[in-house]
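Here's the structure, in structure tokens; my notes come after.
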Amino acid sequence: MSPTALLWAYALAIVFVGSLPQLPSWSELATFGVVILAPVLILPGRGWLSVPFIATLLGAGWGLWHNQHALEQRLPLSAHGANFLVEVQVVSLPRPSLTESAFDEAAATSSVRFSVRVLRVHGRDLSPPLQGQLLDLTWYSIDEGVLTQLRGGSLWLLPVRLKPPRGSVNPHGFDYEGWLLRRGVYATGYVHPQVQPPQYLGLQPGIPALRHWLRDKLLETAETRGELLSALLLGDRGGIDAGDQRLLRETGTAHLLAISGLHVGMVTGFFMLVGGLLGRAIGICTGATPRGVTLLFALSASLIYTLLAGAPLSAQRALVMTWVLLLVWQWRRRISSGFAYALALALVLTIQPLAFYGAGFWLSFIAVGALLLGFRGRQYLCQAHKRGGRLLGSTAGLLRSQWLVTVALLLPSLVFFSGFSPGGLLLNLIAIPWLGFLVLPPLMLGVLLLVTPPGAWCINFAAWQLDALVHFLGGGHNLLPSWQILGPPAEVGLLVLSALGAVLLLLPPGLPGRNLGWLLLLPPLLPFLPRVGEGEWLRVTVLDVGQGLAVVVHTPRQRLLYDTGPISGSGWSAGREIIVPYLIGEGGLALDTVVVSHGDRDHAGGFAGLAESLPVAHLIAPGRLERRLGEKARRTSPCVAGGEEILGDLRLRWLWPDSTDITGEENDHSCVAVIEWHGVQILLAGDVPAEVERQLAKSYPLSGPVDLLLAPHHGSRSSSSNALIAWAAPRRGVFSAGFRHHFGHPHPDVVARYAASGAALFSTAKSGALVFTWMRGAGAPLVEVARAAPRFWYADHTDGADAEWRLSRRSQLW
């Protein structure tokens, strides 16, 4: 059995364990090992087969231990919202921002996000203890004087209110809980000065303090683009202008500022050159050139750069792959590329067994694999050298490598980022060498000579080149096709065929069947063709947007969105971050109709972020809110009682408000609609209070029980009156609310009223997103629960009473 196969067996076992919906026990793993190994060892002459099984068990055991340990370290739910007094060290670069008030958009205060390591807990502690753990904290309304003291490496005594890692869970959405788990963050929270004034305890030297000092020096020294230089050197992207972020994303060059293999490789290559020159200089003086100097410079530079960047998972992964390649190069041995690839994969998964859940993991290994496949034996570079000399060969190699990476990353880009940039192929051909030769080398030299005049000159030269590069990308954005929103093929079979097509195109030219890859790669470019054989269906998805509301009503011929979720004071938008990925993932590039029930931030806040990403054909909103939001839609109309909309096979009947002469901002202005589809009735009522509910019950008789009711005002005590429940007689009710939010939605009295009516109740706070699918003529809907996804951290971290419920695809919350 080859070492490469053993490494693959070890790595795949780690991935398998991390992919399980629930972690097995150690006894189950031991039983599995005995059952597998015993027959192999008994068979005569087959003992060698035990080696790959042992490698597999080692990988499974390491993955199981790591993942169990991570779960055990998380803050228990019983401590949600508890106050602690902790001594901490700030281990990240604080990221200040302006936070808008939820009640007054004109008022804004300074807040800062940062990570700390707990050094000591005063008073009560937990099991597992907080000491030594990493926390993500926010300090709201921070004083400017205190902000100057909040530096990387600073020591503080902080009163904090903590909660377990918890985030929205939606189909095709960002997995916040998994991201925290991979980083080793087992609790989040905020500084609570009302309990006790925070105390500054001093500054501790070390990497965090050095990173903060370097950021200050870069911003002070650079005449322009200091925030971009900080992002390149330190991974500090908090200060990048929103316009620059959008430009990099739309031109497909956002990776230029994300610390990854590109940057680690460029820094390593630069210091290999420096080490080689130094080695030759030593050789001239001593008569013998030491071989280890180049390697020492390269290894040290890559390690130091990774530490200065904050050692994110992407940089750790790049460091491992770089060290493997450097050591293979130094040994001058004929180690196969397959072995080096498998070794890097095994080492990365050993350091972080859950790394494969991150997009960067797939992008890195797929890109490297594509280059290894496309340059097997380097025959094309050699042919190019023979035909046109060294310069032409290098140019041909650069063009081919960019082509290989572009083809290989097309599908991953669609899967992880819901789009790609056609112009990025040409722009990256220029931007990557520009960054590698004219920005990073002078930046690194400037950092080495930071307190000298030559150091300041180098930093400003790098800043000038970076500014020129940004302007070049801006010109390319105007001339070339920019970011195109697309999703991957909806069917798994099409996705597999498309991946096969990409592999065929990566093979050397001249191989039989290679051009068939063009045909197989076609589905990603046509991902939204109508599906065949699905019949007629209605799908209602209540997205998990925290304390807010966003409901997608979807049929094969119509896509309607009711409310757009919240926007946070820091600018996070549910429309951009949750709704858009879901809609693209479900196979669509536009919205037929958007209804904004009223102007509260938790219902209308996400509209701007949504409209920036997807075109809105028709906006419906109450009163003057229609005009306030309408400039971002092609067509607008008000919702008014007695009106009706026919949208494909959906019929909307408006029940409220009863006038258009309203602001549309108040709860009692909410658009109330009954959506009908082949006998199925959906009632959407925004935030209407009990007084409006009683008027609806008197004025609009319903044709029968409502199949699905979105509880008004998230289950607030001021709504969901007995009159509403008796009128609607809902078969199913959904509360869209934040998990253990301070508003306390849904109120226990409201839950009791619905339960007494016999309605099946669901809550996004506990279930994540909920998907109800009716097939025409099939009766009851299929109910899909987002937190039933195969993620072991979902199954583990819940209230004990919900454990059995959450493993079911068809279930009732209470």
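Going through the structure tokens in order, the chains are called A, B, and so on, while each chain numbers its residues from 1 and the ligands are numbered from 1 in the order shown.
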
Report as CSV: every residue of stretch 117-182 of chain A with an atom at most 12 Å from stretch 15-32 of chain A, its closest pair of atoms, and their distance in Å to one decimal, counting only C-alpha atoms, with rows sorted by chain and ascending residue number.
residue,atom,partner,partner_atom,distance
A:Gly178,CA,A:Gly18,CA,11.1
A:Leu181,CA,A:Gly18,CA,11.9
A:Arg182,CA,A:Gly18,CA,11.3

Show me, as a count of residues only, the residues that have an atom within 7 Å of A:Leu610 when counting only C-alpha atoms, minus same-chain residues fewer than 4 positions from it.
5

For a quick check of understanding, using only C-alpha atoms, which of A:Val542, A:Ser718, A:Leu126, A:Ser757 has the smallest distance to A:Val785?
A:Val542

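The residues of stretch 115-190 of chain A that DSSP classifies as helix (DSSP H, G or I), using the backbone of this structure, are A:Glu144, A:Gly145, A:Val146, A:Leu147, A:Thr148, A:Gln149, A:Tyr176, A:Glu177, A:Gly178, A:Trp179, A:Leu180, A:Leu181, A:Arg182, A:Arg183.
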
Using only C-alpha atoms, determine which residues lie at most 6 Å from stretch 226-234 of chain A, disregarding the query and same-chain residues fewer than 5 positions distant; provide the list as a PyMOL selection string.
chain A and resi 215+218-219+239-240+257+308-309

Between atom CA of A:Gln352 and atom CA of A:Trp179 lies a distance of 11.8 Å

In Å, rounded to a single decimal, give me how far atom CA of A:Met321 is from atom CA of A:Gly261.
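We find that atom CA of A:Gly261 and atom CA of A:Met321 lie 8.2 Å from each other.
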
Identify, on the basis of only C-alpha atoms, every residue whose closest approach to stretch 762-776 of chain A does not exceed 9 Å; exclude the query and any residue fewer than 6 positions from it along the same chain; express the result as a ChimeraX atom specification.
/A:167-171,535-547,678,680,708,732-741,746,782-788,798,802,806,811-814

I'd like the neighbourhood of A:Gly423 as an MDAnalysis selection string, where a residue qualifies if any of its atoms comes within 12 Å (using only C-alpha atoms), though same-chain residues fewer than 6 positions away should be ignored.
chainID A and resid 248:253 406 429:431 473:484

Give me, as a PyMOL selection string, all polymer residues having an atom no more than 10 Å from A:Leu307, counting only C-alpha atoms and skipping those fewer than 6 positions away in the same chain.
chain A and resi 207-208+211+234+301+315-316

Given the selection you just returned, output its residues as a file containing C-alpha atoms, formatted as a PDB file, in the first residue's frame.
ATOM      1  CA  ILE A 207       2.211  39.128  18.270  1.00  0.00           C
ATOM      2  CA  PRO A 208      -1.167  40.912  18.875  1.00  0.00           C
ATOM      3  CA  ARG A 211       0.216  43.607  14.702  1.00  0.00           C
ATOM      4  CA  LEU A 234      -2.188  41.932   8.520  1.00  0.00           C
ATOM      5  CA  ALA A 301       9.219  34.433   6.101  1.00  0.00           C
ATOM      6  CA  ALA A 315      -3.194  31.322   5.962  1.00  0.00           C
ATOM      7  CA  GLN A 316      -2.574  28.210   8.082  1.00  0.00           C
TER       8      GLN A 316
END

Atomic distance atom CA of A:Asn428 - atom CA of A:Thr322, expressed in Å with one decimal:
21.5 Å

Among A:Arg117, A:Arg628, A:His742, A:His618, A:Ala590 is approached most closely, using only C-alpha atoms, by A:His618

Find the residue from A:Leu440, A:Val274, A:Val415, A:Ala633 that sits nearest to A:Ile485; use only C-alpha atoms when measuring.
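Closest candidate: A:Val415.
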
Report as a PyMOL selection string all protein, DNA and RNA residues lying within 7 Å of A:Pro164, evaluated on only C-alpha atoms, omitting residues in the same chain fewer than 4 positions from it.
chain A and resi 74-77+80+186-188

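Nearest residue to A:Trp329, choosing from A:Asn722, A:Thr294, A:Ser115, A:Ser302 and counting only C-alpha atoms: A:Thr294.
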
Please return as a PyMOL selection string: the residues of stretch 196-379 of chain A that backbone DSSP assigns to strand (DSSP E).
chain A and resi 199-203

Please, could you write that set of residues out with N, CA, C and O atoms as a short mmCIF file (atom, residue, chain, number, x, y, z; two decimals), in the first residue's frame?
data_model
loop_
_atom_site.label_atom_id
_atom_site.label_comp_id
_atom_site.auth_asym_id
_atom_site.auth_seq_id
_atom_site.Cartn_x
_atom_site.Cartn_y
_atom_site.Cartn_z
N GLN A 199 -11.95 47.97 33.23
CA GLN A 199 -10.66 48.48 33.71
C GLN A 199 -9.56 48.07 32.74
O GLN A 199 -9.46 46.90 32.36
N TYR A 200 -8.74 49.05 32.37
CA TYR A 200 -7.56 48.80 31.54
C TYR A 200 -6.42 48.35 32.45
O TYR A 200 -6.08 49.04 33.42
N LEU A 201 -5.80 47.20 32.15
CA LEU A 201 -4.78 46.63 33.02
C LEU A 201 -3.38 46.72 32.45
O LEU A 201 -2.42 46.32 33.12
N GLY A 202 -3.23 47.24 31.24
CA GLY A 202 -1.89 47.37 30.67
C GLY A 202 -1.79 46.72 29.30
O GLY A 202 -2.78 46.26 28.73
N LEU A 203 -0.55 46.68 28.78
CA LEU A 203 -0.28 46.14 27.45
C LEU A 203 0.76 45.04 27.57
O LEU A 203 1.82 45.25 28.16
#
